[in-house]
>>> print(open('work_6.txt').read())   # compact mmCIF, C-alpha atoms
# COMPACT_ATOMS: atom_id res chain seq x y z
CA MET A 1 48.22 29.82 29.62
CA PRO A 2 45.17 29.32 27.39
CA GLY A 3 41.83 29.51 29.15
CA THR A 4 38.57 27.73 28.39
CA ASP A 5 35.02 28.88 27.74
CA ASP A 6 32.59 29.90 30.48
CA TYR A 7 30.26 26.95 29.73
CA ASP A 8 32.66 24.24 30.87
CA GLN A 9 32.92 22.74 27.37
CA ASP A 10 36.74 22.83 27.22
CA VAL A 11 36.85 25.16 24.23
CA PRO A 12 40.26 26.92 24.51
CA TRP A 13 41.19 30.52 23.95
CA LEU A 14 44.53 32.32 24.20
CA ASP A 15 45.29 34.66 27.09
CA ASN A 16 46.95 38.03 26.53
CA GLY A 17 50.15 36.63 27.99
CA ASP A 18 50.36 33.71 25.54
CA THR A 19 52.75 33.78 22.62
CA PRO A 20 50.76 34.80 19.52
CA ASP A 21 50.28 31.81 17.20
CA LEU A 22 47.36 32.16 14.82
CA ARG A 23 47.47 28.52 13.68
CA VAL A 24 47.59 27.07 17.19
CA GLY A 25 44.93 29.46 18.45
CA THR A 26 42.41 28.90 15.66
CA LYS A 27 43.05 25.14 15.35
CA GLY A 28 42.45 24.67 19.06
CA ILE A 29 39.09 26.40 18.80
CA VAL A 30 38.10 24.55 15.60
CA ASP A 31 39.10 21.13 16.95
CA ALA A 32 37.17 21.77 20.15
CA LEU A 33 33.99 23.11 18.52
CA THR A 34 33.69 20.69 15.59
CA PRO A 35 32.90 17.56 17.65
CA ARG A 36 30.38 19.63 19.61
CA SER A 37 28.52 20.66 16.48
CA VAL A 38 26.24 18.56 14.27
CA MET A 39 28.84 16.78 12.15
CA ARG A 40 27.90 15.62 8.66
CA PHE A 41 28.87 12.37 6.95
CA THR A 42 27.88 10.44 3.84
CA ASN A 43 26.70 7.39 5.79
CA ALA A 44 27.28 5.43 9.01
CA ALA A 45 30.42 3.77 7.63
CA ASP A 46 31.94 7.17 6.84
CA ARG A 47 31.06 8.42 10.33
CA ASN A 48 32.54 5.38 12.06
CA ALA A 49 35.74 5.53 10.02
CA THR A 50 36.23 9.22 10.85
CA ILE A 51 35.17 9.22 14.50
CA THR A 52 37.15 6.28 15.86
CA SER A 53 36.83 7.35 19.51
CA PRO A 54 33.37 8.89 19.91
CA VAL A 55 32.46 10.76 23.08
CA ALA A 56 29.03 10.80 24.69
CA GLY A 57 27.02 13.74 23.41
CA MET A 58 28.39 13.80 19.86
CA VAL A 59 25.78 14.32 17.12
CA ALA A 60 26.20 13.34 13.46
CA PHE A 61 23.90 13.59 10.44
CA LEU A 62 24.05 10.79 7.87
CA ALA A 63 23.17 12.08 4.39
CA SER A 64 22.43 8.75 2.70
CA GLU A 65 20.25 7.46 5.51
CA GLN A 66 18.81 10.94 6.27
CA LEU A 67 19.24 10.32 9.99
CA PHE A 68 20.44 12.41 12.90
CA THR A 69 22.46 10.16 15.20
CA GLY A 70 23.95 10.68 18.64
CA TYR A 71 26.54 8.82 20.70
CA ASP A 72 25.17 7.93 24.15
CA GLY A 73 28.41 6.58 25.58
CA ALA A 74 27.73 2.99 24.53
CA GLY A 75 26.86 3.32 20.84
CA TRP A 76 25.37 5.48 18.10
CA VAL A 77 21.58 5.81 18.29
CA VAL A 78 19.07 7.49 16.00
CA LEU A 79 17.87 10.82 17.39
CA ALA A 80 15.57 11.77 14.52
CA ALA A 81 14.82 10.98 10.90
CA GLY A 82 15.07 13.64 8.24
CA THR A 83 12.13 14.72 6.13
CA SER A 84 10.59 11.57 4.68
CA SER A 85 7.62 12.10 2.38
CA TRP A 86 5.04 9.41 1.75
CA ALA A 87 5.84 7.11 -1.18
CA THR A 88 3.25 5.02 -2.99
CA VAL A 89 3.74 1.25 -3.05
CA SER A 90 3.66 -0.25 -6.54
CA LEU A 91 1.09 -3.07 -6.42
CA ALA A 92 1.22 -6.43 -8.18
CA SER A 93 -1.57 -7.56 -10.50
CA GLY A 94 -4.71 -8.53 -8.60
CA PHE A 95 -4.27 -5.83 -5.95
CA THR A 96 -5.63 -2.29 -6.06
CA HIS A 97 -5.24 0.83 -3.96
CA ASP A 98 -7.91 2.36 -1.73
CA GLY A 99 -9.38 -0.89 -0.40
CA ASN A 100 -12.46 -0.07 1.70
CA SER A 101 -11.81 3.62 0.95
CA ASN A 102 -8.71 3.48 3.20
CA GLY A 103 -6.63 5.42 0.69
CA THR A 104 -3.57 4.66 -1.42
CA LEU A 105 -1.07 2.22 0.14
CA GLN A 106 2.01 4.28 1.04
CA TYR A 107 5.06 4.09 3.28
CA ARG A 108 7.69 6.35 4.79
CA VAL A 109 10.69 5.90 7.09
CA VAL A 110 10.39 7.59 10.48
CA SER A 111 12.21 7.52 13.81
CA LEU A 112 10.26 5.69 16.52
CA PHE A 113 11.84 5.62 19.99
CA GLY A 114 15.24 6.24 18.40
CA GLU A 115 14.94 3.43 15.86
CA PRO A 116 14.40 3.72 12.06
CA THR A 117 10.91 2.40 11.39
CA VAL A 118 8.65 2.06 8.36
CA MET A 119 5.18 3.56 8.75
CA LEU A 120 2.35 2.35 6.49
CA ARG A 121 -1.03 3.78 5.57
CA GLY A 122 -3.83 3.02 3.11
CA GLY A 123 -5.76 -0.05 2.07
CA VAL A 124 -5.52 -2.74 -0.60
CA GLY A 125 -8.36 -4.33 -2.55
CA ILE A 126 -7.91 -7.97 -3.54
CA THR A 127 -9.28 -9.86 -6.56
CA TYR A 128 -9.17 -13.63 -6.07
CA SER A 129 -9.02 -15.89 -9.12
CA GLY A 130 -8.87 -19.54 -10.16
CA SER A 131 -11.02 -22.54 -9.30
CA PRO A 132 -11.13 -22.73 -6.38
CA SER A 133 -10.06 -19.10 -6.17
CA VAL A 134 -6.89 -18.05 -4.32
CA ILE A 135 -5.15 -14.79 -3.52
CA PRO A 136 -3.04 -13.46 -6.43
CA ASN A 137 0.76 -13.66 -6.48
CA SER A 138 0.77 -15.90 -3.38
CA GLY A 139 -0.22 -12.82 -1.38
CA VAL A 140 2.83 -10.73 -2.33
CA ILE A 141 1.27 -7.34 -2.97
CA THR A 142 4.36 -5.43 -4.16
CA ALA A 143 5.10 -5.29 -7.87
CA SER A 144 8.67 -4.22 -7.10
CA ALA A 145 10.75 -4.30 -3.93
CA LEU A 146 10.82 -1.29 -1.64
CA PRO A 147 14.14 0.60 -1.62
CA THR A 148 16.97 -0.57 0.62
CA SER A 149 16.24 2.17 3.16
CA ALA A 150 12.79 0.63 3.82
CA ARG A 151 13.84 -3.03 4.02
CA PRO A 152 14.06 -4.72 7.44
CA THR A 153 17.13 -6.75 8.37
CA ASP A 154 14.88 -9.69 9.28
CA LEU A 155 11.30 -10.71 8.57
CA ARG A 156 8.85 -8.40 10.37
CA THR A 157 5.31 -9.63 10.98
CA VAL A 158 2.43 -7.28 11.77
CA THR A 159 -1.36 -7.64 11.79
CA GLY A 160 -3.73 -5.84 9.43
CA ALA A 161 -7.50 -5.47 9.80
CA CYS A 162 -9.55 -7.03 7.02
CA SER A 163 -13.13 -7.29 5.82
CA THR A 164 -15.42 -9.98 7.28
CA THR A 165 -17.01 -10.40 3.87
CA ASN A 166 -15.95 -13.85 2.62
CA SER A 167 -13.73 -14.13 5.68
CA ASP A 168 -14.21 -15.83 9.03
CA VAL A 169 -11.54 -13.67 10.68
CA LEU A 170 -11.14 -9.96 11.34
CA SER A 171 -7.40 -9.69 10.59
CA VAL A 172 -4.61 -11.25 8.58
CA LYS A 173 -0.86 -11.63 8.99
CA ILE A 174 1.32 -9.22 6.99
CA ASP A 175 5.01 -9.94 6.43
CA ALA A 176 7.57 -7.26 5.57
CA GLN A 177 10.38 -9.24 3.99
CA PRO A 178 14.12 -8.44 4.08
CA GLY A 179 14.09 -8.44 0.28
CA GLY A 180 11.73 -5.47 0.24
CA HIS A 181 8.43 -7.18 -0.58
CA ILE A 182 5.23 -7.15 1.48
CA GLN A 183 3.04 -10.25 1.68
CA ILE A 184 -0.44 -10.96 3.01
CA VAL A 185 -0.30 -14.36 4.70
CA GLY A 186 -3.05 -16.67 5.92
CA THR A 187 -5.74 -16.50 3.25
CA THR A 188 -7.34 -19.74 2.06
CA THR A 189 -9.02 -21.11 -1.04
CA SER A 190 -12.66 -20.25 -1.70
CA THR A 191 -13.72 -23.77 -0.66
CA ALA A 192 -11.80 -23.90 2.63
CA ASN A 193 -13.44 -24.00 6.04
CA PRO A 194 -12.86 -21.61 7.69
CA LYS A 195 -12.79 -19.38 4.63
CA ILE A 196 -10.39 -16.42 4.62
CA GLN A 197 -10.73 -14.38 1.43
CA PRO A 198 -11.32 -10.77 2.51
CA PRO A 199 -11.88 -8.34 -0.38
CA TRP A 200 -9.71 -5.72 1.34
CA VAL A 201 -6.95 -5.38 3.92
CA SER A 202 -6.08 -2.19 5.81
CA PHE A 203 -2.49 -1.05 6.41
CA ASN A 204 -3.43 2.05 8.39
CA GLY A 205 -1.43 2.50 11.58
CA LEU A 206 1.05 -0.31 10.86
CA TYR A 207 4.76 0.03 11.63
CA TYR A 208 7.70 -2.33 11.30
CA SER A 209 11.21 -1.97 12.64
CA LEU A 210 14.17 -1.88 10.32
>>> encode(input="work_6.txt", output="structure tokens")
Amino acid sequence: MPGTDDYDQDVPWLDNGDTPDLRVGTKGIVDALTPRSVMRFTNAADRNATITSPVAGMVAFLASEQLFTGYDGAGWVVLAAGTSSWATVSLASGFTHDGNSNGTLQYRVVSLFGEPTVMLRGGVGITYSGSPSVIPNSGVITASALPTSARPTDLRTVTGACSTTNSDVLSVKIDAQPGGHIQIVGTTTSTANPKIQPPWVSFNGLYYSL
């Protein structure tokens, strides 16, 4: 009769009295150890198609998403994000990096409480134009959409600190759109009362869920 490992993980091994069968012996060990290792898949769809009956405790790495995921008995959850370096946001005309010396506007995807999340840092300078002047590009600061991996499934709204110069408020609404663009919302014309035309907006410390 085959025995099992001393760690109660149900990994089989052949006893001296068992009929020698190299294929059965090695396959039993491989099939038992593989789902207990960190399995690797191209993406979540590949993982779900391969592991049709997941067991609590399974861990799988998704190469495309660069995520370590684990099955908790009810569903797959993100355990950790792979290395994600900061990427600079390409700004539309009328916006510049390093607003208020806050640094270049950048983003990266991280794991926050088991959920893929975009982290932002840096500041944006704004040049208003027209008569009366308004924010450029209707407040959309991105020249091109962020990659799919950094786009939320729904609109995500966060709050960014802003200058009180030419502004009667201390913060503005920032929308991360499902299409991958980021928009500053809530500014006014130069003749409005109250007037909201801050020369810079900070993105330091902002996060939005994917």
>>> residues_around(input="work_6.txt", residues="Tyr71 (chain A)", least_positions_apart="5", cutoff="7 Å", atoms="only C-alpha atoms", output="ChimeraX atom specification")
/A:54-59,76-77
>>> residues_near_point(input="work_6.txt", point="(12.3, 9.4, 4.9)", cutoff="9 Å", atoms="all atoms listed in the file", output="PyMOL selection string")
chain A and resi 65-67+81-86+108-110+118+149-150
>>> atom_distance(input="work_6.txt", atom1="CA of Phe68 (chain A)", atom2="CA of Leu120 (chain A)")
21.7 Å
>>> atom_distance(input="work_6.txt", atom1="CA of Trp200 (chain A)", atom2="CA of Arg156 (chain A)")
20.8 Å
>>> closest_residue(input="work_6.txt", among="A:Gly160, A:Gly125, A:Pro132, A:Gly179", to="Pro147 (chain A)", atoms="all atoms listed in the file")
A:Gly179
>>> residues_near_point(input="work_6.txt", point="(9.4, -6.6, 5.6)", cutoff="12 Å", atoms="only C-alpha atoms", output="MDAnalysis selection string")
chainID A and resid 107 117:120 140:142 145:158 173:184 206:210
>>> write_last_selection(input="work_6.txt", atoms="C-alpha atoms", output="PDB file, keeping the file's coordinate frame")
ATOM      1  CA  TYR A 107       5.060   4.090   3.280  1.00  0.00           C
ATOM      2  CA  THR A 117      10.910   2.400  11.390  1.00  0.00           C
ATOM      3  CA  VAL A 118       8.650   2.060   8.360  1.00  0.00           C
ATOM      4  CA  MET A 119       5.180   3.560   8.750  1.00  0.00           C
ATOM      5  CA  LEU A 120       2.350   2.350   6.490  1.00  0.00           C
ATOM      6  CA  VAL A 140       2.830 -10.730  -2.330  1.00  0.00           C
ATOM      7  CA  ILE A 141       1.270  -7.340  -2.970  1.00  0.00           C
ATOM      8  CA  THR A 142       4.360  -5.430  -4.160  1.00  0.00           C
ATOM      9  CA  ALA A 145      10.750  -4.300  -3.930  1.00  0.00           C
ATOM     10  CA  LEU A 146      10.820  -1.290  -1.640  1.00  0.00           C
ATOM     11  CA  PRO A 147      14.140   0.600  -1.620  1.00  0.00           C
ATOM     12  CA  THR A 148      16.970  -0.570   0.620  1.00  0.00           C
ATOM     13  CA  SER A 149      16.240   2.170   3.160  1.00  0.00           C
ATOM     14  CA  ALA A 150      12.790   0.630   3.820  1.00  0.00           C
ATOM     15  CA  ARG A 151      13.840  -3.030   4.020  1.00  0.00           C
ATOM     16  CA  PRO A 152      14.060  -4.720   7.440  1.00  0.00           C
ATOM     17  CA  THR A 153      17.130  -6.750   8.370  1.00  0.00           C
ATOM     18  CA  ASP A 154      14.880  -9.690   9.280  1.00  0.00           C
ATOM     19  CA  LEU A 155      11.300 -10.710   8.570  1.00  0.00           C
ATOM     20  CA  ARG A 156       8.850  -8.400  10.370  1.00  0.00           C
ATOM     21  CA  THR A 157       5.310  -9.630  10.980  1.00  0.00           C
ATOM     22  CA  VAL A 158       2.430  -7.280  11.770  1.00  0.00           C
ATOM     23  CA  LYS A 173      -0.860 -11.630   8.990  1.00  0.00           C
ATOM     24  CA  ILE A 174       1.320  -9.220   6.990  1.00  0.00           C
ATOM     25  CA  ASP A 175       5.010  -9.940   6.430  1.00  0.00           C
ATOM     26  CA  ALA A 176       7.570  -7.260   5.570  1.00  0.00           C
ATOM     27  CA  GLN A 177      10.380  -9.240   3.990  1.00  0.00           C
ATOM     28  CA  PRO A 178      14.120  -8.440   4.080  1.00  0.00           C
ATOM     29  CA  GLY A 179      14.090  -8.440   0.280  1.00  0.00           C
ATOM     30  CA  GLY A 180      11.730  -5.470   0.240  1.00  0.00           C
ATOM     31  CA  HIS A 181       8.430  -7.180  -0.580  1.00  0.00           C
ATOM     32  CA  ILE A 182       5.230  -7.150   1.480  1.00  0.00           C
ATOM     33  CA  GLN A 183       3.040 -10.250   1.680  1.00  0.00           C
ATOM     34  CA  ILE A 184      -0.440 -10.960   3.010  1.00  0.00           C
ATOM     35  CA  LEU A 206       1.050  -0.310  10.860  1.00  0.00           C
ATOM     36  CA  TYR A 207       4.760   0.030  11.630  1.00  0.00           C
ATOM     37  CA  TYR A 208       7.700  -2.330  11.300  1.00  0.00           C
ATOM     38  CA  SER A 209      11.210  -1.970  12.640  1.00  0.00           C
ATOM     39  CA  LEU A 210      14.170  -1.880  10.320  1.00  0.00           C
TER      40      LEU A 210
END
>>> atom_distance(input="work_6.txt", atom1="CA of Gly205 (chain A)", atom2="CA of Ser64 (chain A)")
26.2 Å
>>> residues_around(input="work_6.txt", residues="Lys195 (chain A)", least_positions_apart="2", cutoff="6 Å", atoms="only C-alpha atoms", output="ChimeraX atom specification")
/A:167-168,192-193
>>> closest_residue(input="work_6.txt", among="A:Asn204, A:Thr127, A:Ala49, A:Ala161", to="Gln106 (chain A)", atoms="all atoms listed in the file")
A:Asn204
>>> closest_residue(input="work_6.txt", among="A:Ala45, A:Val134, A:Val201, A:Cys162", to="Thr187 (chain A)", atoms="all atoms listed in the file")
A:Val134
>>> decode(input="work_6.txt", residues="region 151-180 of chain A", atoms="N, CA and C atoms", output="mmCIF file, in the first residue's frame")
data_model
loop_
_atom_site.group_PDB
_atom_site.id
_atom_site.type_symbol
_atom_site.label_atom_id
_atom_site.label_comp_id
_atom_site.auth_asym_id
_atom_site.auth_seq_id
_atom_site.Cartn_x
_atom_site.Cartn_y
_atom_site.Cartn_z
ATOM 1 N N ARG A 151 -6.205 50.220 -16.398
ATOM 2 C CA ARG A 151 -7.523 50.825 -16.611
ATOM 3 C C ARG A 151 -8.562 50.201 -15.682
ATOM 4 N N PRO A 152 -9.313 51.019 -14.956
ATOM 5 C CA PRO A 152 -10.339 50.469 -14.063
ATOM 6 C C PRO A 152 -11.532 49.942 -14.851
ATOM 7 N N THR A 153 -12.270 49.029 -14.269
ATOM 8 C CA THR A 153 -13.457 48.485 -14.934
ATOM 9 C C THR A 153 -14.601 49.495 -14.956
ATOM 10 N N ASP A 154 -14.600 50.406 -13.986
ATOM 11 C CA ASP A 154 -15.605 51.469 -13.913
ATOM 12 C C ASP A 154 -14.900 52.773 -13.576
ATOM 13 N N LEU A 155 -15.622 53.880 -13.689
ATOM 14 C CA LEU A 155 -15.049 55.174 -13.348
ATOM 15 C C LEU A 155 -14.635 55.191 -11.879
ATOM 16 N N ARG A 156 -13.408 55.632 -11.610
ATOM 17 C CA ARG A 156 -12.915 55.756 -10.238
ATOM 18 C C ARG A 156 -12.632 57.238 -9.969
ATOM 19 N N THR A 157 -13.211 57.763 -8.918
ATOM 20 C CA THR A 157 -13.042 59.165 -8.567
ATOM 21 C C THR A 157 -12.243 59.295 -7.288
ATOM 22 N N VAL A 158 -11.174 60.101 -7.341
ATOM 23 C CA VAL A 158 -10.356 60.386 -6.173
ATOM 24 C C VAL A 158 -10.203 61.901 -6.046
ATOM 25 N N THR A 159 -9.587 62.356 -4.972
ATOM 26 C CA THR A 159 -9.428 63.782 -4.728
ATOM 27 C C THR A 159 -7.959 64.145 -4.687
ATOM 28 N N GLY A 160 -7.581 65.200 -5.429
ATOM 29 C CA GLY A 160 -6.199 65.651 -5.455
ATOM 30 C C GLY A 160 -6.065 67.052 -4.892
ATOM 31 N N ALA A 161 -5.034 67.277 -4.075
ATOM 32 C CA ALA A 161 -4.783 68.608 -3.533
ATOM 33 C C ALA A 161 -4.394 69.552 -4.661
ATOM 34 N N CYS A 162 -4.750 70.822 -4.513
ATOM 35 C CA CYS A 162 -4.410 71.800 -5.539
ATOM 36 C C CYS A 162 -3.998 73.125 -4.895
ATOM 37 N N SER A 163 -3.435 73.993 -5.705
ATOM 38 C CA SER A 163 -3.007 75.309 -5.242
ATOM 39 C C SER A 163 -4.223 76.185 -4.923
ATOM 40 N N THR A 164 -4.062 77.083 -3.943
ATOM 41 C CA THR A 164 -5.135 78.056 -3.654
ATOM 42 C C THR A 164 -4.955 79.329 -4.468
ATOM 43 N N THR A 165 -3.871 79.396 -5.229
ATOM 44 C CA THR A 165 -3.691 80.524 -6.138
ATOM 45 C C THR A 165 -4.713 80.425 -7.265
ATOM 46 N N ASN A 166 -5.498 81.461 -7.457
ATOM 47 C CA ASN A 166 -6.562 81.473 -8.477
ATOM 48 C C ASN A 166 -7.610 80.385 -8.239
ATOM 49 N N SER A 167 -7.703 79.902 -7.019
ATOM 50 C CA SER A 167 -8.680 78.873 -6.711
ATOM 51 C C SER A 167 -9.273 79.114 -5.326
ATOM 52 N N ASP A 168 -10.570 78.967 -5.225
ATOM 53 C CA ASP A 168 -11.257 79.140 -3.941
ATOM 54 C C ASP A 168 -11.434 77.820 -3.207
ATOM 55 N N VAL A 169 -10.815 76.761 -3.706
ATOM 56 C CA VAL A 169 -10.882 75.449 -3.046
ATOM 57 C C VAL A 169 -9.478 74.882 -2.897
ATOM 58 N N LEU A 170 -9.348 73.889 -2.032
ATOM 59 C CA LEU A 170 -8.047 73.289 -1.759
ATOM 60 C C LEU A 170 -7.838 71.962 -2.491
ATOM 61 N N SER A 171 -8.874 71.464 -3.167
ATOM 62 C CA SER A 171 -8.759 70.179 -3.853
ATOM 63 C C SER A 171 -9.708 70.132 -5.043
ATOM 64 N N VAL A 172 -9.430 69.215 -5.947
ATOM 65 C CA VAL A 172 -10.279 69.019 -7.119
ATOM 66 C C VAL A 172 -10.568 67.536 -7.293
ATOM 67 N N LYS A 173 -11.618 67.241 -8.022
ATOM 68 C CA LYS A 173 -11.997 65.867 -8.338
ATOM 69 C C LYS A 173 -11.133 65.359 -9.492
ATOM 70 N N ILE A 174 -10.670 64.107 -9.367
ATOM 71 C CA ILE A 174 -9.880 63.478 -10.415
ATOM 72 C C ILE A 174 -10.545 62.165 -10.793
ATOM 73 N N ASP A 175 -10.845 62.000 -12.062
ATOM 74 C CA ASP A 175 -11.502 60.790 -12.557
ATOM 75 C C ASP A 175 -10.523 59.918 -13.336
ATOM 76 N N ALA A 176 -10.428 58.654 -12.938
ATOM 77 C CA ALA A 176 -9.707 57.649 -13.718
ATOM 78 C C ALA A 176 -10.765 56.906 -14.527
ATOM 79 N N GLN A 177 -10.703 57.058 -15.836
ATOM 80 C CA GLN A 177 -11.757 56.540 -16.702
ATOM 81 C C GLN A 177 -11.464 55.128 -17.186
ATOM 82 N N PRO A 178 -12.526 54.328 -17.436
ATOM 83 C CA PRO A 178 -12.330 52.960 -17.928
ATOM 84 C C PRO A 178 -11.558 52.909 -19.244
ATOM 85 N N GLY A 179 -11.614 53.983 -20.016
ATOM 86 C CA GLY A 179 -10.887 54.015 -21.283
ATOM 87 C C GLY A 179 -9.407 54.287 -21.130
ATOM 88 N N GLY A 180 -8.953 54.543 -19.907
ATOM 89 C CA GLY A 180 -7.521 54.729 -19.686
ATOM 90 C C GLY A 180 -7.074 56.164 -19.563
#
